[in-house]
>>> print(open('protein-v6.tsv').read())   # TSV, C-alpha atoms
chain	number	residue	atom	x	y	z
J	1	MET	CA	13.07	66.14	19.18
J	2	ALA	CA	9.47	65.91	18.03
J	3	MET	CA	8.96	64.20	14.68
J	4	ASP	CA	6.01	62.86	12.69
J	5	LEU	CA	6.46	59.13	12.02
J	6	LEU	CA	4.65	57.06	9.40
J	7	GLY	CA	2.53	54.47	11.15
J	8	ALA	CA	2.65	56.21	14.54
J	9	ALA	CA	0.35	58.67	16.27
J	10	GLY	CA	-1.41	61.03	13.87
J	11	LEU	CA	0.03	59.55	10.65
J	12	THR	CA	-1.11	55.96	11.29
J	13	ILE	CA	-3.86	56.22	8.72
J	14	GLY	CA	-1.26	56.91	6.04
J	15	MET	CA	0.41	53.55	6.60
J	16	LYS	CA	-1.10	51.47	3.76
J	17	GLN	CA	-0.39	47.86	2.80
J	18	PHE	CA	0.96	47.09	-0.65
J	19	TYR	CA	-1.26	44.50	-2.36
J	20	ASN	CA	0.74	42.11	-4.53
J	21	ARG	CA	-1.52	40.94	-7.35
J	22	LYS	CA	0.55	37.85	-7.97
J	23	LEU	CA	-1.19	34.98	-6.16
J	24	LEU	CA	0.88	32.46	-4.25
J	25	GLU	CA	1.25	28.96	-5.66
J	26	ARG	CA	-0.65	26.08	-4.11
J	27	ALA	CA	0.93	22.84	-2.92
J	28	VAL	CA	-0.22	20.46	-5.66
J	29	PRO	CA	0.79	16.76	-5.66
J	30	SER	CA	1.69	14.89	-8.83
J	31	PHE	CA	-1.32	13.00	-10.15
J	32	ILE	CA	0.07	9.58	-11.09
J	33	HIS	CA	-2.71	7.05	-10.46
J	34	ALA	CA	-5.32	7.84	-13.10
J	35	GLY	CA	-4.62	7.71	-16.81
J	36	HIS	CA	-2.75	4.39	-17.08
J	37	GLY	CA	-5.79	2.11	-17.16
J	38	ASP	CA	-7.68	0.59	-20.07
J	39	LYS	CA	-10.07	3.44	-20.89
J	40	SER	CA	-13.65	3.09	-22.07
J	41	GLY	CA	-16.86	5.10	-21.98
J	42	ILE	CA	-20.46	4.06	-21.49
J	43	PRO	CA	-22.51	5.25	-24.51
J	44	ARG	CA	-25.56	7.44	-24.09
J	45	ASN	CA	-28.70	5.60	-22.89
J	46	GLU	CA	-26.68	2.50	-21.93
J	47	GLY	CA	-26.98	2.77	-18.15
J	48	LYS	CA	-24.40	3.43	-15.43
J	49	SER	CA	-22.53	0.14	-15.11
J	50	VAL	CA	-20.06	-1.70	-17.32
J	51	GLU	CA	-18.99	-5.33	-17.55
J	52	PHE	CA	-15.59	-6.56	-18.73
J	53	ARG	CA	-15.30	-10.20	-19.88
J	54	ARG	CA	-12.35	-12.48	-20.49
J	55	TYR	CA	-12.12	-16.04	-21.81
J	56	GLU	CA	-9.65	-17.92	-19.67
J	57	ARG	CA	-6.98	-19.84	-21.58
J	58	PRO	CA	-7.24	-23.64	-21.18
J	59	THR	CA	-4.20	-25.57	-20.05
J	60	ALA	CA	-1.81	-26.67	-22.75
J	61	ALA	CA	-2.91	-29.71	-24.80
J	62	THR	CA	0.15	-31.88	-24.25
J	63	VAL	CA	-1.45	-35.29	-24.82
J	64	ALA	CA	-0.90	-36.61	-28.35
J	65	LEU	CA	-3.96	-37.26	-30.49
J	66	THR	CA	-4.94	-40.83	-31.31
J	67	GLU	CA	-5.16	-41.31	-35.03
J	68	GLY	CA	-8.76	-41.12	-36.23
J	69	THR	CA	-10.09	-40.32	-32.75
J	70	PRO	CA	-11.10	-36.81	-31.65
J	71	PRO	CA	-9.91	-35.68	-28.21
J	72	SER	CA	-12.17	-34.96	-25.26
J	73	VAL	CA	-14.16	-31.74	-25.46
J	74	THR	CA	-12.49	-28.77	-23.81
J	75	ASN	CA	-15.02	-26.65	-21.93
J	76	LEU	CA	-14.22	-22.95	-21.96
J	77	THR	CA	-14.43	-20.64	-18.94
J	78	ILE	CA	-15.34	-16.97	-19.03
J	79	SER	CA	-14.83	-14.50	-16.18
J	80	ASN	CA	-16.16	-10.98	-15.77
J	81	VAL	CA	-15.56	-7.78	-13.82
J	82	GLN	CA	-18.26	-5.17	-13.20
J	83	ALA	CA	-18.10	-1.52	-12.22
J	84	THR	CA	-20.58	1.33	-11.78
J	85	VAL	CA	-19.75	4.90	-12.79
J	86	ASP	CA	-20.46	7.63	-10.20
J	87	GLN	CA	-20.46	11.40	-10.48
J	88	TYR	CA	-18.27	13.70	-8.41
J	89	GLY	CA	-18.04	17.45	-8.15
J	90	ALA	CA	-17.69	20.57	-6.01
J	91	PHE	CA	-18.55	24.26	-6.31
J	92	ASN	CA	-18.44	27.58	-4.50
J	93	ARG	CA	-20.98	30.40	-4.46
J	94	HIS	CA	-20.05	34.08	-4.73
J	95	SER	CA	-21.98	37.31	-4.38
J	96	GLU	CA	-22.59	39.95	-7.03
J	97	LEU	CA	-20.20	42.29	-5.22
J	98	VAL	CA	-17.37	39.78	-5.60
J	99	ALA	CA	-18.01	39.81	-9.34
J	100	LEU	CA	-18.23	43.59	-9.49
J	101	GLN	CA	-15.68	44.81	-6.97
J	102	ASN	CA	-13.13	42.07	-6.30
J	103	TYR	CA	-9.57	43.18	-6.96
J	104	ASP	CA	-8.21	39.86	-8.27
J	105	PRO	CA	-9.14	38.22	-11.62
J	106	PHE	CA	-10.96	35.58	-9.61
J	107	LEU	CA	-12.63	33.55	-12.36
J	108	ALA	CA	-9.36	32.49	-13.95
J	109	SER	CA	-7.83	31.74	-10.55
J	110	TRP	CA	-10.85	29.74	-9.44
J	111	SER	CA	-10.88	27.74	-12.68
J	112	GLU	CA	-7.24	26.78	-12.12
J	113	MET	CA	-7.89	25.89	-8.48
J	114	TRP	CA	-11.02	23.81	-9.27
J	115	GLY	CA	-9.13	22.07	-12.09
J	116	GLU	CA	-6.48	20.99	-9.59
J	117	HIS	CA	-9.21	19.92	-7.18
J	118	MET	CA	-10.83	17.75	-9.85
J	119	GLY	CA	-7.47	16.19	-10.77
J	120	ASP	CA	-6.72	15.47	-7.13
J	121	THR	CA	-10.14	13.87	-6.62
J	122	ILE	CA	-9.84	11.58	-9.66
J	123	ASP	CA	-6.28	10.66	-8.72
J	124	ILE	CA	-7.29	9.63	-5.19
J	125	LEU	CA	-10.35	7.72	-6.46
J	126	ALA	CA	-8.10	5.74	-8.81
J	127	ARG	CA	-5.45	5.24	-6.13
J	128	ASN	CA	-7.92	3.84	-3.61
J	129	ILE	CA	-9.12	1.23	-6.11
J	130	ILE	CA	-5.86	0.09	-7.66
J	131	THR	CA	-3.99	-0.13	-4.33
J	132	ALA	CA	-6.65	-2.48	-2.93
J	133	GLY	CA	-5.69	-5.44	-5.13
J	134	THR	CA	-5.32	-8.98	-3.84
J	135	THR	CA	-1.77	-9.68	-5.06
J	136	VAL	CA	0.17	-8.46	-2.03
J	137	GLN	CA	3.83	-8.82	-1.10
J	138	ILE	CA	4.66	-8.04	2.54
J	139	ALA	CA	8.23	-6.88	3.13
J	140	SER	CA	10.49	-9.32	4.93
J	141	THR	CA	8.95	-12.54	6.24
J	142	VAL	CA	5.95	-11.22	8.17
J	143	ALA	CA	2.50	-12.36	7.08
J	144	SER	CA	0.32	-9.28	7.39
J	145	ARG	CA	0.25	-5.49	7.23
J	146	GLY	CA	-0.26	-5.28	10.98
J	147	ALA	CA	3.09	-6.99	11.55
J	148	VAL	CA	5.10	-4.54	9.41
J	149	GLY	CA	7.05	-2.37	11.82
J	150	GLY	CA	10.12	-0.38	12.68
J	151	THR	CA	12.86	-2.73	11.58
J	152	THR	CA	15.12	-2.21	8.58
J	153	ALA	CA	13.99	-5.62	7.30
J	154	HIS	CA	10.57	-4.13	6.59
J	155	ARG	CA	11.80	-1.42	4.23
J	156	ILE	CA	11.74	-1.63	0.45
J	157	THR	CA	14.88	-3.15	-1.09
J	158	TYR	CA	16.30	-4.36	-4.38
J	159	ALA	CA	15.26	-7.89	-3.39
J	160	GLU	CA	11.63	-6.83	-2.81
J	161	ILE	CA	11.49	-5.13	-6.22
J	162	ARG	CA	13.00	-8.16	-7.95
J	163	GLU	CA	10.43	-10.41	-6.29
J	164	ALA	CA	7.51	-8.20	-7.38
J	165	VAL	CA	8.73	-7.98	-10.97
J	166	SER	CA	9.29	-11.73	-11.03
J	167	THR	CA	5.70	-12.25	-9.84
J	168	LEU	CA	4.36	-10.08	-12.66
J	169	ARG	CA	6.44	-11.80	-15.31
J	170	ASN	CA	5.47	-15.22	-14.00
J	171	ASN	CA	1.80	-14.14	-14.24
J	172	ASN	CA	2.43	-13.15	-17.89
J	173	ALA	CA	1.75	-9.46	-17.27
J	174	LYS	CA	2.70	-7.24	-20.21
J	175	PRO	CA	4.71	-3.99	-19.96
J	176	VAL	CA	2.89	-0.66	-19.99
J	177	VAL	CA	5.34	1.69	-21.71
J	178	ASP	CA	8.75	1.26	-23.41
J	179	ASN	CA	8.80	-2.44	-22.44
J	180	LYS	CA	8.56	-1.53	-18.75
J	181	PHE	CA	6.04	-1.95	-15.96
J	182	LEU	CA	4.86	1.09	-14.02
J	183	GLY	CA	5.72	1.63	-10.36
J	184	LEU	CA	3.82	4.20	-8.28
J	185	ILE	CA	5.63	5.23	-5.11
J	186	HIS	CA	5.61	7.83	-2.36
J	187	HIS	CA	8.46	10.34	-2.12
J	188	HIS	CA	9.50	8.71	1.16
J	189	THR	CA	9.76	5.39	-0.68
J	190	GLU	CA	11.90	7.03	-3.35
J	191	ALA	CA	14.29	8.24	-0.65
J	192	GLU	CA	14.33	4.74	0.86
J	193	MET	CA	15.22	3.16	-2.48
J	194	PHE	CA	18.27	5.38	-2.84
J	195	ALA	CA	19.30	4.37	0.69
J	196	ASP	CA	19.54	0.71	-0.39
J	197	SER	CA	23.16	-0.06	-1.28
J	198	ASP	CA	22.23	-2.55	-4.03
J	199	ILE	CA	19.90	-0.05	-5.75
J	200	LEU	CA	22.44	2.72	-5.36
J	201	ALA	CA	25.16	0.55	-6.89
J	202	SER	CA	22.90	-0.24	-9.86
J	203	PHE	CA	22.48	3.43	-10.67
J	204	GLN	CA	26.19	4.03	-10.27
J	205	GLN	CA	27.18	1.13	-12.52
J	206	ALA	CA	24.37	0.77	-15.05
J	207	TYR	CA	23.90	4.45	-15.96
J	208	VAL	CA	26.46	6.64	-17.59
J	209	ARG	CA	28.30	9.03	-15.34
J	210	GLY	CA	27.57	12.71	-15.64
J	211	PRO	CA	24.70	15.17	-15.21
J	212	GLY	CA	22.23	12.79	-16.86
J	213	ASN	CA	22.60	10.11	-14.18
J	214	PRO	CA	19.38	9.78	-12.09
J	215	LEU	CA	21.45	10.17	-8.92
J	216	VAL	CA	22.39	13.66	-10.07
J	217	GLN	CA	18.84	14.46	-11.15
J	218	GLY	CA	17.45	13.14	-7.85
J	219	GLU	CA	14.91	10.85	-9.49
J	220	VAL	CA	14.38	7.12	-9.78
J	221	GLY	CA	13.40	7.10	-13.46
J	222	ASP	CA	13.69	3.59	-14.93
J	223	PHE	CA	15.04	0.79	-12.80
J	224	TYR	CA	14.86	-3.01	-13.06
J	225	GLY	CA	12.26	-3.05	-15.81
J	226	VAL	CA	10.03	-0.51	-14.05
J	227	ARG	CA	9.32	3.14	-14.81
J	228	TRP	CA	8.85	4.81	-11.45
J	229	LEU	CA	6.42	7.67	-10.82
J	230	THR	CA	6.42	9.51	-7.49
J	231	SER	CA	3.77	11.52	-5.66
J	232	SER	CA	2.76	12.58	-2.16
J	233	ASN	CA	-0.64	11.11	-3.12
J	234	ALA	CA	0.83	7.59	-3.23
J	235	ARG	CA	-0.84	5.14	-0.85
J	236	VAL	CA	0.15	5.19	2.80
J	237	PHE	CA	-1.78	3.03	5.25
J	238	GLY	CA	-1.31	5.39	8.17
J	239	SER	CA	-0.65	3.77	11.56
J	240	GLU	CA	-1.80	0.33	10.33
J	241	GLY	CA	1.50	-1.41	10.98
J	242	ALA	CA	3.05	-2.76	14.19
J	243	SER	CA	2.82	-0.25	17.06
J	244	GLY	CA	1.29	2.37	14.78
J	245	ALA	CA	3.82	2.19	11.95
J	246	ASP	CA	2.93	3.82	8.63
J	247	VAL	CA	2.78	1.15	5.94
J	248	TYR	CA	3.56	2.29	2.39
J	249	GLY	CA	1.85	0.58	-0.53
J	250	THR	CA	4.26	0.53	-3.48
J	251	LEU	CA	2.33	-0.58	-6.57
J	252	ILE	CA	3.96	-2.18	-9.63
J	253	PHE	CA	1.66	-3.22	-12.49
J	254	GLY	CA	1.40	-4.19	-16.12
J	255	ARG	CA	-0.88	-3.34	-19.04
J	256	GLN	CA	-4.64	-3.76	-18.49
J	257	PHE	CA	-4.22	-4.23	-14.75
J	258	TYR	CA	-7.12	-1.83	-14.31
J	259	GLY	CA	-9.80	-0.08	-16.32
J	260	GLU	CA	-11.12	3.48	-16.22
J	261	ILE	CA	-14.68	4.24	-17.27
J	262	ASP	CA	-16.73	7.41	-17.72
J	263	TYR	CA	-19.79	8.50	-19.70
J	264	GLU	CA	-19.25	9.17	-23.40
J	265	ALA	CA	-21.97	11.81	-23.34
J	266	MET	CA	-20.57	13.69	-20.34
J	267	GLY	CA	-16.92	14.51	-20.05
J	268	SER	CA	-15.27	16.37	-17.21
J	269	GLN	CA	-16.73	19.87	-17.01
J	270	MET	CA	-15.83	23.22	-15.48
J	271	ILE	CA	-19.20	24.92	-14.87
J	272	VAL	CA	-19.55	28.67	-14.36
J	273	LYS	CA	-22.95	30.20	-13.59
J	274	PRO	CA	-22.70	34.00	-13.71
J	275	VAL	CA	-24.64	36.33	-11.46
J	276	GLY	CA	-28.25	36.52	-12.66
J	277	SER	CA	-28.35	33.09	-14.30
J	278	ALA	CA	-30.33	31.27	-11.59
J	279	GLY	CA	-33.74	32.67	-12.45
J	280	GLY	CA	-36.28	32.46	-9.65
J	281	LEU	CA	-33.75	30.86	-7.31
J	282	ASP	CA	-31.84	34.16	-7.32
J	283	PRO	CA	-34.65	36.77	-7.60
J	284	LEU	CA	-32.39	39.80	-7.04
J	285	ASP	CA	-29.41	38.67	-9.13
J	286	GLN	CA	-27.15	38.43	-6.11
J	287	MET	CA	-25.09	35.30	-6.65
J	288	GLY	CA	-23.10	33.18	-9.08
J	289	THR	CA	-21.36	29.81	-8.79
J	290	HIS	CA	-18.18	28.18	-10.02
J	291	GLY	CA	-17.34	24.48	-9.88
J	292	TRP	CA	-16.66	21.19	-11.65
J	293	LYS	CA	-18.32	17.86	-12.32
J	294	ALA	CA	-16.96	14.53	-13.58
J	295	ALA	CA	-18.11	10.92	-13.93
J	296	TYR	CA	-15.51	8.26	-13.19
J	297	VAL	CA	-14.77	4.82	-11.87
J	298	ALA	CA	-11.65	2.67	-11.81
J	299	VAL	CA	-11.76	-1.11	-11.49
J	300	ILE	CA	-9.07	-3.79	-11.31
J	301	THR	CA	-9.60	-6.07	-14.31
J	302	ASN	CA	-6.79	-8.58	-13.66
J	303	GLN	CA	-5.66	-8.99	-10.06
J	304	SER	CA	-2.52	-10.95	-10.98
J	305	TRP	CA	-1.10	-8.15	-13.13
J	306	GLY	CA	-0.45	-5.76	-10.25
J	307	VAL	CA	1.66	-6.31	-7.12
J	308	ARG	CA	1.45	-4.14	-4.01
J	309	ILE	CA	4.56	-4.20	-1.82
J	310	GLU	CA	3.77	-3.18	1.76
J	311	HIS	CA	6.73	-1.77	3.69
J	312	THR	CA	7.89	1.01	5.99
J	313	THR	CA	10.29	3.89	5.41
J	314	ARG	CA	12.63	5.64	7.80
J	315	LEU	CA	10.89	8.95	6.99
J	316	GLY	CA	7.46	7.73	8.09
J	317	ALA	CA	6.24	6.56	11.49
J	318	GLU	CA	7.94	3.19	11.93
J	319	GLY	CA	6.49	1.93	15.18
J	320	VAL	CA	8.70	-0.43	17.13
>>> encode(input="protein-v6.tsv", output="structure tokens")
Amino acid sequence: MAMDLLGAAGLTIGMKQFYNRKLLERAVPSFIHAGHGDKSGIPRNEGKSVEFRRYERPTAATVALTEGTPPSVTNLTISNVQATVDQYGAFNRHSELVALQNYDPFLASWSEMWGEHMGDTIDILARNIITAGTTVQIASTVASRGAVGGTTAHRITYAEIREAVSTLRNNNAKPVVDNKFLGLIHHHTEAEMFADSDILASFQQAYVRGPGNPLVQGEVGDFYGVRWLTSSNARVFGSEGASGADVYGTLIFGRQFYGEIDYEAMGSQMIVKPVGSAGGLDPLDQMGTHGWKAAYVAVITNQSWGVRIEHTTRLGAEGV
């Protein structure tokens, strides 16, 4: 029996696509690396670089004074750390027809997207600096990152965390928030921590039972004097371990472990140039731009106040 069908033969042109104006969400990582440092800004007309200085504490004066005789002179030592602020940014260019005829409210969507892009950039810049410190703890008994491989002994454990915290306390590092250090970890590391029987038992015994227990919430929270923050942006040294194993850099640090510097006269900016604003560079008013700009640098100011534990996880490439 002959029948007209929508989307077939002569009625194909009537088959239209519904356009959902709700835009899909983007996969955005948690930005956990920037924002915990000692912040400062370089004033206007004061150049691009900054210098931090610290007087080192002399050893304790444990020798008793001789009556009427001054002690030997104690010479002081000062150390410094330098950093140079750089600018970062990105933009896109759009035509006048996009501004006039585009269906979506693109300016608001682009501002949100570029804001995420700026946050991601600053987070990775901070991560790359603060996870390159010199106080390193290699899991198990191996001596280098290249020897970390696919054995359970090279995973993060309660013992590794205790050792790192002990190192910080022995170096007189001070807590960051609520009398706790900060720990920045990958989601794979978080899963590995809950797989350790000693860590699991601590959550079962030290926290109250019920819906508020971190095991129920599926989060590490606070554990062994550390407040843990997780992100897919956390440092992974891909394929740098034994036989191509992924080595995870779990960072635990105290107050003033690192500094963050920008320009006082130029904060982070979202910059929109509408169609027709470029003057002679756009003689027919055909284009506009949308982007962001920021000045930033992170620098480790005290190497002994941050410990990087290098380990594998069962969810990453473990090598052999």
>>> residues_around(input="protein-v6.tsv", residues="region 150-166 of chain J", least_positions_apart="5", cutoff="9 Å", atoms="all atoms listed in the file", output="PyMOL selection string")
chain J and resi 137-142+171+181+189+192-193+195-199+224-226+241-243+245+250+252-253+306-314+317-320
>>> atom_distance(input="protein-v6.tsv", atom1="CA of His290 (chain J)", atom2="CA of Val275 (chain J)")
10.5 Å
>>> atom_distance(input="protein-v6.tsv", atom1="CA of Ser109 (chain J)", atom2="CA of Ala234 (chain J)")
26.7 Å
>>> residues_around(input="protein-v6.tsv", residues="Gly276 (chain J)", least_positions_apart="2", cutoff="8 Å", atoms="all atoms listed in the file", output="list in words")
Pro274, Ala278, Gly279, Asp282, Leu284, Asp285, Gln286, Met287 and Gly288 of chain J
>>> residues_around(input="protein-v6.tsv", residues="Ala61 (chain J)", least_positions_apart="6", cutoff="12 Å", atoms="all atoms listed in the file", output="number ranges by chain")
J: 71-74
>>> atom_distance(input="protein-v6.tsv", atom1="CA of Ile129 (chain J)", atom2="CA of Ile300 (chain J)")
7.2 Å
>>> closest_residue(input="protein-v6.tsv", among="J:Ile78, J:Asn213, J:His117, J:Leu168", to="Val136 (chain J)", atoms="all atoms listed in the file")
J:Leu168
>>> closest_residue(input="protein-v6.tsv", among="J:Gly221, J:Gly249, J:Gly47, J:Gly133", to="Thr84 (chain J)", atoms="only C-alpha atoms")
J:Gly47
